[in-house]
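Text of my_file26.csv (CSV, C-alpha atoms) as supplied:
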```
chain,number,residue,atom,x,y,z
T,1,MET,CA,-36.2,-2.3,-13.9
T,2,GLY,CA,-37.7,1.1,-14.8
T,3,SER,CA,-38.4,2.4,-18.3
T,4,GLN,CA,-37.2,0.2,-21.1
T,5,LEU,CA,-35.0,1.5,-23.8
T,6,LYS,CA,-36.6,1.4,-27.2
T,7,GLY,CA,-35.4,-0.6,-30.2
T,8,THR,CA,-35.1,-4.2,-31.2
T,9,PRO,CA,-32.7,-6.5,-29.3
T,10,ALA,CA,-30.4,-6.5,-32.3
T,11,GLN,CA,-30.3,-2.7,-32.2
T,12,GLN,CA,-29.6,-2.6,-28.5
T,13,THR,CA,-26.8,-5.1,-28.8
T,14,ALA,CA,-25.3,-3.0,-31.6
T,15,LYS,CA,-25.4,0.1,-29.4
T,16,GLN,CA,-23.6,-1.7,-26.6
T,17,ALA,CA,-21.1,-3.5,-28.7
T,18,THR,CA,-17.4,-2.5,-28.6
T,19,VAL,CA,-16.2,-1.0,-31.8
T,20,TYR,CA,-12.8,-2.5,-31.9
T,21,PHE,CA,-11.6,-0.9,-35.2
T,22,ILE,CA,-12.1,2.6,-33.8
T,23,LEU,CA,-10.8,1.6,-30.4
T,24,PHE,CA,-7.5,0.3,-31.7
T,25,ALA,CA,-7.2,3.2,-34.2
T,26,ILE,CA,-7.6,5.9,-31.4
T,27,SER,CA,-5.2,3.9,-29.2
T,28,SER,CA,-2.6,3.9,-32.0
T,29,VAL,CA,-3.0,7.7,-32.3
T,30,HIS,CA,-2.5,7.9,-28.5
T,31,LEU,CA,0.7,5.9,-28.9
T,32,LEU,CA,1.9,8.3,-31.6
T,33,ASN,CA,0.9,11.4,-29.6
T,34,ASP,CA,2.8,10.2,-26.4
T,35,ALA,CA,5.7,9.1,-28.5
T,36,MET,CA,6.1,12.7,-29.7
T,37,GLN,CA,6.2,13.8,-26.0
T,38,SER,CA,8.8,11.1,-25.4
T,39,VAL,CA,10.9,12.6,-28.2
T,40,VAL,CA,11.3,15.7,-26.0
T,41,VAL,CA,12.4,13.6,-23.0
T,42,ALA,CA,14.7,11.4,-25.2
T,43,LEU,CA,16.4,14.6,-26.5
T,44,PHE,CA,17.3,15.9,-23.0
T,45,PRO,CA,21.0,14.7,-23.2
T,46,ILE,CA,21.2,16.0,-26.8
T,47,PHE,CA,19.9,19.4,-26.0
T,48,GLU,CA,22.3,19.6,-23.1
T,49,GLU,CA,25.2,19.3,-25.5
T,50,SER,CA,24.0,21.0,-28.7
T,51,LEU,CA,22.5,24.0,-27.0
T,52,HIS,CA,24.7,24.0,-23.9
T,53,LEU,CA,21.7,23.9,-21.5
T,54,SER,CA,22.0,23.8,-17.8
T,55,TYR,CA,20.2,21.2,-15.7
T,56,THR,CA,17.8,23.9,-14.6
T,57,GLN,CA,16.9,24.6,-18.2
T,58,VAL,CA,16.4,21.0,-18.9
T,59,GLY,CA,14.0,20.9,-15.9
T,60,TRP,CA,12.1,23.8,-17.3
T,61,ILE,CA,11.6,22.0,-20.6
T,62,ALA,CA,10.0,19.1,-18.8
T,63,PHE,CA,7.9,21.4,-16.7
T,64,THR,CA,6.7,23.4,-19.7
T,65,LEU,CA,5.8,20.2,-21.7
T,66,ASN,CA,3.9,18.6,-18.9
T,67,MET,CA,2.2,21.7,-17.6
T,68,THR,CA,1.0,22.9,-21.0
T,69,SER,CA,-0.4,19.5,-21.9
T,70,SER,CA,-2.0,18.9,-18.4
T,71,VAL,CA,-3.3,22.3,-17.3
T,72,MET,CA,-5.2,22.8,-20.5
T,73,GLN,CA,-6.8,19.3,-20.5
T,74,PRO,CA,-9.6,20.0,-18.0
T,75,PHE,CA,-10.6,23.2,-19.8
T,76,VAL,CA,-10.6,21.5,-23.2
T,77,GLY,CA,-12.6,18.6,-21.6
T,78,LEU,CA,-15.1,21.0,-20.1
T,79,VAL,CA,-15.7,22.7,-23.5
T,80,SER,CA,-15.8,19.4,-25.4
T,81,ASP,CA,-18.4,18.0,-23.0
T,82,LYS,CA,-20.7,20.9,-23.9
T,83,LYS,CA,-19.9,20.9,-27.6
T,84,PRO,CA,-17.7,18.1,-28.9
T,85,MET,CA,-15.5,19.1,-31.8
T,86,PRO,CA,-14.2,16.1,-33.8
T,87,TRP,CA,-12.1,18.2,-36.1
T,88,LEU,CA,-10.1,19.5,-33.1
T,89,LEU,CA,-8.3,16.1,-33.2
T,90,PRO,CA,-6.3,16.6,-36.4
T,91,ILE,CA,-5.9,20.3,-35.6
T,92,GLY,CA,-4.3,19.5,-32.3
T,93,MET,CA,-2.0,16.9,-34.0
T,94,PHE,CA,-1.0,19.6,-36.5
T,95,CYS,CA,0.2,21.7,-33.6
T,96,SER,CA,2.4,18.8,-32.5
T,97,LEU,CA,3.8,18.5,-36.0
T,98,LEU,CA,4.8,22.2,-35.9
T,99,GLY,CA,6.4,21.5,-32.5
T,100,MET,CA,8.4,18.6,-33.8
T,101,ALA,CA,9.7,20.8,-36.7
T,102,GLY,CA,10.7,23.4,-34.2
T,103,LEU,CA,12.5,21.0,-32.0
T,104,SER,CA,14.7,19.8,-34.9
T,105,VAL,CA,16.0,23.3,-35.8
T,106,ALA,CA,15.6,25.4,-32.6
T,107,PRO,CA,18.9,27.4,-32.2
T,108,ASN,CA,18.3,28.6,-28.7
T,109,PHE,CA,16.5,27.9,-25.4
T,110,GLY,CA,13.6,30.3,-26.1
T,111,LEU,CA,12.6,28.8,-29.4
T,112,LEU,CA,13.0,25.3,-27.9
T,113,LEU,CA,10.5,26.2,-25.2
T,114,LEU,CA,8.1,27.6,-27.8
T,115,SER,CA,8.3,24.3,-29.8
T,116,VAL,CA,7.6,22.3,-26.6
T,117,VAL,CA,4.5,24.5,-26.0
T,118,PHE,CA,3.1,23.5,-29.4
T,119,ILE,CA,3.6,19.8,-28.6
T,120,GLY,CA,1.9,20.3,-25.2
T,121,LEU,CA,-1.1,22.1,-26.7
T,122,GLY,CA,-1.5,19.3,-29.3
T,123,SER,CA,-1.6,16.8,-26.5
T,124,ALA,CA,-4.0,18.8,-24.4
T,125,VAL,CA,-6.5,18.9,-27.2
T,126,PHE,CA,-6.1,15.2,-28.1
T,127,HIS,CA,-6.6,13.6,-24.7
T,128,PRO,CA,-10.2,14.8,-23.8
T,129,GLU,CA,-11.5,14.4,-27.3
T,130,GLY,CA,-9.8,11.0,-27.6
T,131,SER,CA,-11.5,9.9,-24.4
T,132,HIS,CA,-14.9,10.9,-26.0
T,133,VAL,CA,-14.1,8.6,-28.9
T,134,VAL,CA,-13.2,5.7,-26.5
T,135,HIS,CA,-16.4,6.3,-24.5
T,136,LEU,CA,-18.5,6.0,-27.7
T,137,ALA,CA,-16.6,3.0,-29.0
T,138,ALA,CA,-16.5,1.1,-25.6
T,139,GLY,CA,-20.0,-0.4,-25.5
T,140,ASN,CA,-20.3,-2.3,-22.2
T,141,ARG,CA,-16.6,-2.7,-21.7
T,142,ARG,CA,-15.5,0.7,-20.5
T,143,ALA,CA,-12.5,-0.2,-18.3
T,144,PHE,CA,-11.2,-2.6,-20.9
T,145,SER,CA,-11.6,0.0,-23.7
T,146,GLN,CA,-10.0,2.7,-21.6
T,147,SER,CA,-7.1,0.3,-20.9
T,148,ILE,CA,-6.6,-0.3,-24.6
T,149,TYR,CA,-6.5,3.5,-25.1
T,150,GLN,CA,-4.0,4.0,-22.2
T,151,VAL,CA,-1.8,1.1,-23.4
T,152,GLY,CA,-1.2,3.0,-26.6
T,153,GLY,CA,-0.1,6.1,-24.6
T,154,ASN,CA,2.0,4.2,-22.1
T,155,PHE,CA,3.8,2.3,-24.9
T,156,GLY,CA,4.5,5.6,-26.6
T,157,GLN,CA,6.1,6.9,-23.4
T,158,ALA,CA,8.1,3.6,-23.0
T,159,LEU,CA,9.9,4.4,-26.3
T,160,ALA,CA,11.9,7.3,-24.7
T,161,PRO,CA,14.9,5.2,-23.5
T,162,LEU,CA,15.1,3.3,-26.8
T,163,MET,CA,14.9,6.5,-28.8
T,164,THR,CA,17.8,8.0,-26.7
T,165,ILE,CA,20.0,5.0,-27.4
T,166,TYR,CA,19.1,4.2,-31.1
T,167,ILE,CA,18.0,7.5,-32.7
T,168,PHE,CA,19.2,10.7,-30.9
T,169,ILE,CA,22.6,9.7,-29.8
T,170,PRO,CA,23.5,8.9,-33.5
T,171,LEU,CA,21.5,11.7,-35.2
T,172,GLY,CA,21.5,14.5,-32.6
T,173,GLN,CA,18.9,17.3,-32.4
T,174,ARG,CA,17.9,17.1,-36.1
T,175,GLY,CA,16.7,13.6,-35.5
T,176,ALA,CA,13.6,15.2,-34.0
T,177,ALA,CA,12.5,15.8,-37.6
T,178,TRP,CA,11.4,12.2,-37.7
T,179,GLY,CA,8.7,13.2,-35.2
T,180,MET,CA,7.0,15.1,-38.1
T,181,LEU,CA,6.4,11.7,-39.7
T,182,ILE,CA,4.9,10.5,-36.5
T,183,ALA,CA,2.5,13.5,-36.4
T,184,ALA,CA,1.6,13.0,-40.1
T,185,LEU,CA,0.8,9.4,-39.6
T,186,ALA,CA,-1.4,10.3,-36.6
T,187,ILE,CA,-3.3,12.9,-38.7
T,188,ALA,CA,-3.9,10.3,-41.4
T,189,ILE,CA,-5.4,7.9,-38.9
T,190,LEU,CA,-7.5,10.6,-37.4
T,191,PHE,CA,-9.1,11.4,-40.8
T,192,LYS,CA,-10.5,7.9,-40.6
T,193,ILE,CA,-11.7,8.3,-37.0
T,194,VAL,CA,-13.3,11.8,-37.3
T,195,PRO,CA,-16.1,11.0,-39.7
T,196,TRP,CA,-17.2,8.0,-37.4
T,197,TYR,CA,-17.0,10.2,-34.4
T,198,ALA,CA,-19.1,13.0,-36.0
T,199,THR,CA,-21.7,10.4,-37.1
T,200,GLN,CA,-21.9,9.0,-33.6
T,201,LEU,CA,-22.4,12.5,-32.1
T,202,ALA,CA,-25.1,13.2,-34.6
T,203,ALA,CA,-26.9,10.0,-33.8
T,204,GLN,CA,-26.5,10.7,-30.1
T,205,GLY,CA,-28.0,14.1,-30.5
T,206,ALA,CA,-30.9,12.9,-32.4
T,207,ALA,CA,-31.7,10.2,-29.8
T,208,ALA,CA,-31.5,12.8,-27.0
T,209,ARG,CA,-33.9,15.1,-28.8
T,210,GLN,CA,-36.3,12.2,-29.5
T,211,SER,CA,-36.3,11.1,-25.8
T,212,LYS,CA,-36.4,14.7,-24.4
T,213,GLY,CA,-38.6,14.9,-21.4
T,214,LYS,CA,-38.7,11.2,-20.7
T,215,ALA,CA,-37.2,9.9,-17.4
T,216,ALA,CA,-35.4,7.2,-19.3
T,217,ALA,CA,-33.3,9.7,-21.2
T,218,VAL,CA,-31.8,11.2,-18.0
T,219,ARG,CA,-28.9,9.3,-16.5
T,220,LYS,CA,-28.9,10.1,-12.8
T,221,PRO,CA,-25.6,10.1,-10.9
T,222,LEU,CA,-24.9,7.0,-8.8
T,223,HIS,CA,-23.9,9.1,-5.8
T,224,SER,CA,-24.9,12.4,-4.1
T,225,ARG,CA,-23.0,15.6,-4.9
T,226,ASN,CA,-21.2,15.6,-1.6
T,227,THR,CA,-20.1,12.0,-2.0
T,228,VAL,CA,-18.9,12.8,-5.5
T,229,ILE,CA,-16.8,15.7,-4.2
T,230,PHE,CA,-15.4,13.6,-1.5
T,231,ALA,CA,-14.6,10.7,-3.9
T,232,LEU,CA,-12.9,13.1,-6.4
T,233,THR,CA,-10.8,14.6,-3.6
T,234,ILE,CA,-9.6,11.1,-2.5
T,235,LEU,CA,-9.0,10.2,-6.1
T,236,PHE,CA,-7.0,13.4,-6.6
T,237,ILE,CA,-4.7,12.5,-3.6
T,238,VAL,CA,-4.2,9.0,-4.9
T,239,VAL,CA,-3.3,10.2,-8.4
T,240,PHE,CA,-1.0,12.8,-6.8
T,241,ALA,CA,0.9,10.1,-4.9
T,242,ARG,CA,1.1,7.7,-7.9
T,243,SER,CA,2.2,10.5,-10.4
T,244,TRP,CA,4.9,11.8,-8.0
T,245,TYR,CA,6.3,8.3,-7.5
T,246,SER,CA,6.2,7.6,-11.3
T,247,ALA,CA,8.0,10.9,-11.8
T,248,ALA,CA,10.7,9.8,-9.4
T,249,ILE,CA,11.2,6.6,-11.3
T,250,THR,CA,11.0,7.9,-14.9
T,251,SER,CA,13.0,11.1,-14.2
T,252,PHE,CA,15.6,10.1,-11.6
T,253,TYR,CA,15.9,6.4,-11.1
T,254,GLN,CA,18.5,6.1,-13.9
T,255,PHE,CA,20.8,8.5,-12.0
T,256,PHE,CA,20.2,6.4,-8.8
T,257,ALA,CA,21.0,3.2,-10.7
T,258,ARG,CA,24.2,4.7,-12.1
T,259,GLN,CA,25.3,5.8,-8.6
T,260,ASN,CA,24.2,2.7,-6.7
T,261,TYR,CA,25.0,0.0,-9.2
T,262,ASP,CA,27.8,1.7,-11.1
T,263,LEU,CA,25.9,1.4,-14.4
T,264,THR,CA,26.7,3.3,-17.7
T,265,ILE,CA,24.2,5.7,-19.2
T,266,ARG,CA,23.0,3.0,-21.7
T,267,GLU,CA,22.8,0.3,-19.0
T,268,ALA,CA,20.7,2.6,-16.8
T,269,GLN,CA,18.1,2.9,-19.5
T,270,ILE,CA,17.3,-0.8,-19.1
T,271,PRO,CA,15.5,-0.7,-15.7
T,272,LEU,CA,13.6,2.4,-16.9
T,273,PHE,CA,12.4,0.6,-20.0
T,274,LEU,CA,11.4,-2.5,-17.9
T,275,PHE,CA,9.3,-0.2,-15.6
T,276,MET,CA,7.6,1.4,-18.5
T,277,ILE,CA,7.0,-1.7,-20.7
T,278,ALA,CA,5.7,-3.7,-17.7
T,279,GLY,CA,3.4,-0.7,-17.0
T,280,VAL,CA,2.0,-1.1,-20.6
T,281,ILE,CA,1.1,-4.8,-19.8
T,282,GLY,CA,-0.3,-3.8,-16.4
T,283,THR,CA,-2.5,-1.2,-17.9
T,284,PHE,CA,-4.2,-3.7,-20.2
T,285,PHE,CA,-4.5,-6.3,-17.4
T,286,GLY,CA,-6.0,-3.8,-15.0
T,287,GLY,CA,-8.7,-2.8,-17.5
T,288,VAL,CA,-9.7,-6.4,-18.2
T,289,MET,CA,-9.9,-7.2,-14.4
T,290,ALA,CA,-11.7,-4.0,-13.5
T,291,ASP,CA,-14.7,-4.9,-15.7
T,292,ARG,CA,-15.0,-8.1,-13.6
T,293,ILE,CA,-14.1,-7.2,-10.1
T,294,GLY,CA,-14.9,-3.4,-10.0
T,295,ARG,CA,-13.0,-0.2,-10.5
T,296,ARG,CA,-12.4,0.6,-6.9
T,297,THR,CA,-11.1,-2.9,-6.1
T,298,MET,CA,-8.7,-2.8,-9.0
T,299,MET,CA,-7.4,0.6,-7.9
T,300,LEU,CA,-6.8,-0.7,-4.4
T,301,ILE,CA,-4.9,-3.8,-5.7
T,302,SER,CA,-2.8,-1.5,-7.9
T,303,ILE,CA,-1.5,1.2,-5.7
T,304,VAL,CA,-1.6,-0.7,-2.3
T,305,GLY,CA,-0.1,-3.7,-4.0
T,306,ALA,CA,2.8,-1.6,-5.4
T,307,ALA,CA,3.8,-0.4,-1.9
T,308,PRO,CA,5.9,-3.4,-0.8
T,309,PHE,CA,7.9,-3.4,-4.1
T,310,ALA,CA,8.4,0.4,-3.9
T,311,LEU,CA,9.8,0.1,-0.4
T,312,LEU,CA,12.1,-2.7,-1.4
T,313,LEU,CA,13.5,-1.2,-4.6
T,314,PRO,CA,16.1,1.2,-3.2
T,315,HIS,CA,17.7,-1.5,-1.0
T,316,VAL,CA,18.0,-4.6,-3.2
T,317,SER,CA,20.9,-6.0,-5.2
T,318,LEU,CA,21.4,-5.4,-8.9
T,319,GLY,CA,20.0,-8.8,-9.9
T,320,TRP,CA,16.8,-8.4,-7.8
T,321,MET,CA,16.4,-4.8,-9.0
T,322,TYR,CA,15.5,-5.7,-12.5
T,323,ALA,CA,12.8,-8.1,-11.4
T,324,ILE,CA,11.3,-5.8,-8.7
T,325,ILE,CA,11.2,-2.7,-10.9
T,326,ALA,CA,9.3,-4.7,-13.6
T,327,VAL,CA,6.8,-6.1,-11.2
T,328,LEU,CA,6.4,-2.6,-9.7
T,329,GLY,CA,5.6,-1.0,-13.1
T,330,PHE,CA,3.1,-3.8,-13.8
T,331,VAL,CA,1.2,-3.4,-10.5
T,332,LEU,CA,1.4,0.4,-10.2
T,333,GLN,CA,0.1,1.1,-13.7
T,334,SER,CA,-2.7,-1.5,-13.6
T,335,GLY,CA,-4.9,1.0,-11.9
T,336,PHE,CA,-4.3,4.1,-14.1
T,337,ALA,CA,-6.8,3.6,-16.9
T,338,VAL,CA,-9.3,2.3,-14.3
T,339,SER,CA,-9.1,5.6,-12.3
T,340,VAL,CA,-10.1,7.5,-15.4
T,341,VAL,CA,-13.2,5.3,-15.9
T,342,TYR,CA,-14.0,5.6,-12.2
T,343,ALA,CA,-14.0,9.4,-12.4
T,344,GLN,CA,-16.1,9.3,-15.6
T,345,GLU,CA,-18.7,7.2,-13.7
T,346,LEU,CA,-18.7,9.7,-10.8
T,347,MET,CA,-19.4,12.5,-13.3
T,348,PRO,CA,-22.0,11.1,-15.8
T,349,GLY,CA,-22.1,13.1,-19.0
T,350,LYS,CA,-18.8,14.7,-18.4
T,351,VAL,CA,-16.4,12.3,-20.1
T,352,GLY,CA,-13.9,14.9,-21.3
T,353,THR,CA,-13.8,16.8,-18.0
T,354,ALA,CA,-13.2,13.7,-16.0
T,355,SER,CA,-10.5,12.5,-18.4
T,356,GLY,CA,-8.9,15.9,-18.4
T,357,LEU,CA,-8.9,16.1,-14.6
T,358,ILE,CA,-7.3,12.6,-14.1
T,359,THR,CA,-4.9,12.4,-17.0
T,360,GLY,CA,-4.2,16.1,-16.8
T,361,LEU,CA,-3.5,16.0,-13.1
T,362,ALA,CA,-1.3,12.9,-13.5
T,363,PHE,CA,1.0,14.7,-15.9
T,364,GLY,CA,0.8,18.0,-14.1
T,365,MET,CA,1.6,16.5,-10.7
T,366,GLY,CA,4.4,14.6,-12.4
T,367,ALA,CA,5.8,17.8,-13.7
T,368,LEU,CA,5.7,19.6,-10.4
T,369,GLY,CA,7.1,16.4,-8.8
T,370,SER,CA,10.1,16.5,-11.1
T,371,VAL,CA,11.0,20.1,-10.1
T,372,VAL,CA,10.6,19.4,-6.4
T,373,LEU,CA,12.4,16.1,-6.4
T,374,GLY,CA,15.2,17.5,-8.5
T,375,ASN,CA,15.8,20.3,-5.9
T,376,LEU,CA,15.7,17.7,-3.1
T,377,ALA,CA,18.3,15.5,-4.9
T,378,ASP,CA,20.6,18.5,-5.3
T,379,ALA,CA,20.3,19.3,-1.6
T,380,HIS,CA,20.3,15.8,-0.1
T,381,GLY,CA,21.4,13.3,-2.7
T,382,MET,CA,19.6,10.9,-5.0
T,383,ALA,CA,19.4,8.0,-2.5
T,384,TYR,CA,17.5,10.4,-0.1
T,385,VAL,CA,14.9,11.1,-2.9
T,386,MET,CA,14.4,7.5,-3.9
T,387,ILE,CA,14.1,6.2,-0.3
T,388,GLY,CA,11.7,9.0,0.6
T,389,CYS,CA,9.5,8.5,-2.5
T,390,SER,CA,9.2,4.8,-1.8
T,391,PHE,CA,6.7,5.6,0.9
T,392,LEU,CA,4.4,7.5,-1.5
T,393,PRO,CA,2.3,4.4,-2.6
T,394,LEU,CA,1.2,3.9,1.0
T,395,ILE,CA,-1.0,7.0,0.5
T,396,GLY,CA,-3.0,4.7,-1.8
T,397,LEU,CA,-4.5,3.2,1.4
T,398,LEU,CA,-6.9,6.2,1.2
T,399,SER,CA,-8.6,4.3,-1.7
T,400,PHE,CA,-10.5,2.3,1.0
T,401,LEU,CA,-12.5,5.4,1.6
T,402,LEU,CA,-13.7,5.6,-2.0
T,403,PRO,CA,-17.4,4.7,-2.5
T,404,LYS,CA,-18.2,1.5,-4.3
T,405,ASP,CA,-18.7,1.6,-8.1
T,406,GLN,CA,-21.3,0.1,-10.4
T,407,ARG,CA,-19.4,-3.2,-10.6
T,408,GLU,CA,-19.1,-3.9,-6.9
```

Render the structure in this file as structure tokens.
Amino acid sequence: MGSQLKGTPAQQTAKQATVYFILFAISSVHLLNDAMQSVVVALFPIFEESLHLSYTQVGWIAFTLNMTSSVMQPFVGLVSDKKPMPWLLPIGMFCSLLGMAGLSVAPNFGLLLLSVVFIGLGSAVFHPEGSHVVHLAAGNRRAFSQSIYQVGGNFGQALAPLMTIYIFIPLGQRGAAWGMLIAALAIAILFKIVPWYATQLAAQGAAARQSKGKAAAVRKPLHSRNTVIFALTILFIVVFARSWYSAAITSFYQFFARQNYDLTIREAQIPLFLFMIAGVIGTFFGGVMADRIGRRTMMLISIVGAAPFALLLPHVSLGWMYAIIAVLGFVLQSGFAVSVVYAQELMPGKVGTASGLITGLAFGMGALGSVVLGNLADAHGMAYVMIGCSFLPLIGLLSFLLPKDQRE
């Protein structure tokens, strides 16, 4: 089996064991980070009233948040792959804290956008470095560990409809000040994670220096360069399709539900919450299964399996709608964390870059999708958008062209 790793069996087991305390800690910070982004989304109807914003301005807030947090991620990931910086984690979260403070008092659209930029930058710093922590804590359970990490983020996003109903409608714009407490809690948890992260990096560096020049120390890519480029291109297209469809549901389905089923604003939050919370469960399930059946297989099941439910959703009755949108969220999101791990395995040694490309592209494409779909809805109506978007998951059939992974 080639050169053997040095160390006793007990030492090798310890190296490959999953560090659950760190894993759940970084997942909780992911929850808090994405909950702060959800505060921005949850405040949309409040901003519209308190600052008299147009729908175009609301769209630019969403675009600024997502593009700031996504476009920066691959660059931060590239830098952190070369020189990981554990203390960037609390620094980035402090940027988000400043953004939360700004949201609660911003008197005009310009300062509101500036506050959103700070929140986006904090998220851009957190995600690649957070993925490094997950990678070090994962042991042999990479897809499972990445799913735990993504469950935290997805759950934070799922809080948006609830925050709209129970916090910001009663408290208004100043309710965003509660987000400062979220950021402070995240920073406190990170002060427990950062020392462990720094210790692991130091040990990893020492091991690399000790084994320098030995064949066993170099992890060769599983595929050729051309195959990796082809696979990443296919993965990009699949992420593009999934993120645009998710943007259609999370940004616009509540308007479709109000028009099609005559629901109130509060009632229209229920299908949105079902989609998101089922996605949290699906993310966890997908990670567990991917470690058993393979990353590519799980991605295929996820996006191709979601297609029939997506095609049905715009045409069913109210009673069936709740069940179908929940199943759709579960199946569609079961492949998201897995796609991050698949990209990391395509790019050995570039954990932050791979994470930044996939999670960053997902948010970035969702932001662009929101703008495009909003314009289409103004021009042709919401039913046109939802029916047209229902075909997007079929693009997931391209996943059949992806090369097999290490588990298949």

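With all atoms listed in the file as the atoms that count, the residue of T:Gly156, T:Pro84, T:Gly172, T:Gly110 with the shortest distance to Pro45 of chain T is T:Gly172.
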
Can you tell me, as a tab-separated table (two decimals) with C-alpha atoms, in the frame of the given file, what residues are no more than 10 Å from Ile169 of chain T when counting all atoms listed in the file, ignoring any on the same chain fewer than 4 positions away?
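What ended up in part.tsv:
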```tsv
chain	number	residue	atom	x	y	z
T	42	ALA	CA	14.70	11.40	-25.20
T	43	LEU	CA	16.40	14.60	-26.50
T	45	PRO	CA	21.00	14.70	-23.20
T	46	ILE	CA	21.20	16.00	-26.80
T	163	MET	CA	14.90	6.50	-28.80
T	164	THR	CA	17.80	8.00	-26.70
T	165	ILE	CA	20.00	5.00	-27.40
T	173	GLN	CA	18.90	17.30	-32.40
T	175	GLY	CA	16.70	13.60	-35.50
```

One residue among T:Leu313, T:Leu328, T:Leu23, T:Ile277 is nearest to Leu162 of chain T when using all atoms listed in the file, and that residue is T:Ile277

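Between atom CA of Ala203 of chain T and atom CA of Gln344 of chain T the separation is 21.2 Å.
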
Would you kindly return, as a short mmCIF file (atom, residue, chain, number, x, y, z; two decimals) with C-alpha atoms, keeping the file's coordinate frame, each protein, DNA or RNA residue with an atom no farther than 9 Å from any atom of Gly59 of chain T, considering all atoms listed in the file and excluding same-chain residues fewer than 5 positions away?
```cif
data_model
loop_
_atom_site.label_atom_id
_atom_site.label_comp_id
_atom_site.auth_asym_id
_atom_site.auth_seq_id
_atom_site.Cartn_x
_atom_site.Cartn_y
_atom_site.Cartn_z
CA SER T 54 22.00 23.80 -17.80
CA THR T 64 6.70 23.40 -19.70
CA SER T 370 10.10 16.50 -11.10
CA VAL T 371 11.00 20.10 -10.10
CA GLY T 374 15.20 17.50 -8.50
#
```

Point-to-point distance in Å for atom CA of Leu376 of chain T and atom CA of Leu398 of chain T: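 Atom CA of Leu376 of chain T lies at a distance of 25.7 Å from atom CA of Leu398 of chain T.
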
In terms of only C-alpha atoms, the residue from T:Arg292, T:His315, T:Lys83, T:His127 at minimal distance from Ser27 of chain T is T:His127

Given all atoms listed in the file as the counted atoms, nearest of T:Gln157, T:Thr56, T:Gln254, T:Gln204 to Leu136 of chain T: T:Gln204

What is the distance, in Å and to one decimal place, between atom CA of Met299 of chain T and atom CA of Val338 of chain T?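 If I compute the distance from atom CA of Met299 of chain T to atom CA of Val338 of chain T, I get 6.9 Å.
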
Long-range neighbours of Gly329 of chain T as a VMD selection string, 7 Å cut-off, only C-alpha atoms, 4 positions minimum in chain: chain T and resid 275 to 276 278 to 279 325 333

If you count all atoms listed in the file, the residue of T:Gln57, T:Gly282, T:Ser390, T:Leu185 closest to Phe309 of chain T turns out to be T:Ser390

Around the point (8.7, 11.4, -37.0) in the file's coordinates, collect all residues with an atom within 10 Å, using all atoms listed in the file, and return them as a list in words.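 Residues with an atom at most 10 Å from (8.7, 11.4, -37.0): Leu32, Ala35, Met36, Val39, Leu97, Met100, Ala101, Gly175, Ala176, Ala177, Trp178, Gly179, Met180, Leu181, Ile182, Ala183, Ala184 and Leu185 of chain T.
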
Go through T:Pro308, T:Met386, T:Phe230, T:Ser147 one by one, measure the shortest atom-to-atom distance of each to Asn260 of chain T using only C-alpha atoms, and give the residue with the smallest value. T:Met386

Spatial neighbours of segment 72-75 of chain T, max dist 6 Å, all atoms listed in the file, sep filter under 4 positions, as a list in words: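 Final neighbour list, sorted by chain and number: Ala124, Thr353, Gly356, Leu357 and Gly360 of chain T.
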
Expected file contents, prior selection, C-alpha atoms, as an mmCIF file, keeping the file's coordinate frame:
```
data_model
loop_
_atom_site.group_PDB
_atom_site.id
_atom_site.type_symbol
_atom_site.label_atom_id
_atom_site.label_comp_id
_atom_site.auth_asym_id
_atom_site.auth_seq_id
_atom_site.Cartn_x
_atom_site.Cartn_y
_atom_site.Cartn_z
ATOM 1 C CA ALA T 124 -4.000 18.800 -24.400
ATOM 2 C CA THR T 353 -13.800 16.800 -18.000
ATOM 3 C CA GLY T 356 -8.900 15.900 -18.400
ATOM 4 C CA LEU T 357 -8.900 16.100 -14.600
ATOM 5 C CA GLY T 360 -4.200 16.100 -16.800
#
```

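Look at Met321 of chain T: the protein and nucleic acid residues within 12 Å of it, using all atoms listed in the file and passing over chain neighbours fewer than 6 places away, are Tyr253, Phe256, Ala257, Asn260, Tyr261, Ala268, Ile270, Pro271, Leu272, Leu274, Phe275, Phe309, Ala310, Leu311, Leu312, Leu313, Pro314, His315, Val327 and Leu328 of chain T.
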
Once you've located segment 148-153 of chain T in the structure I gave, write it as a PDB file, in the first residue's frame, keeping N, CA and C atoms.
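Done, and the output landed in part_10.pdb:
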```pdb
ATOM      1  N   ILE T 148     -22.291  18.736   9.211  1.00  0.00           N
ATOM      2  CA  ILE T 148     -22.528  19.344  10.522  1.00  0.00           C
ATOM      3  C   ILE T 148     -22.276  20.846  10.452  1.00  0.00           C
ATOM      4  N   TYR T 149     -21.183  21.210   9.798  1.00  0.00           N
ATOM      5  CA  TYR T 149     -20.823  22.620   9.630  1.00  0.00           C
ATOM      6  C   TYR T 149     -21.898  23.364   8.837  1.00  0.00           C
ATOM      7  N   GLN T 150     -22.354  22.782   7.734  1.00  0.00           N
ATOM      8  CA  GLN T 150     -23.355  23.437   6.897  1.00  0.00           C
ATOM      9  C   GLN T 150     -24.736  23.449   7.549  1.00  0.00           C
ATOM     10  N   VAL T 151     -25.036  22.453   8.387  1.00  0.00           N
ATOM     11  CA  VAL T 151     -26.309  22.446   9.111  1.00  0.00           C
ATOM     12  C   VAL T 151     -26.429  23.705   9.960  1.00  0.00           C
ATOM     13  N   GLY T 152     -25.322  24.088  10.607  1.00  0.00           N
ATOM     14  CA  GLY T 152     -25.339  25.314  11.400  1.00  0.00           C
ATOM     15  C   GLY T 152     -25.702  26.517  10.557  1.00  0.00           C
ATOM     16  N   GLY T 153     -25.033  26.656   9.387  1.00  0.00           N
ATOM     17  CA  GLY T 153     -25.315  27.789   8.519  1.00  0.00           C
ATOM     18  C   GLY T 153     -26.731  27.770   7.978  1.00  0.00           C
TER      19      GLY T 153
END
```
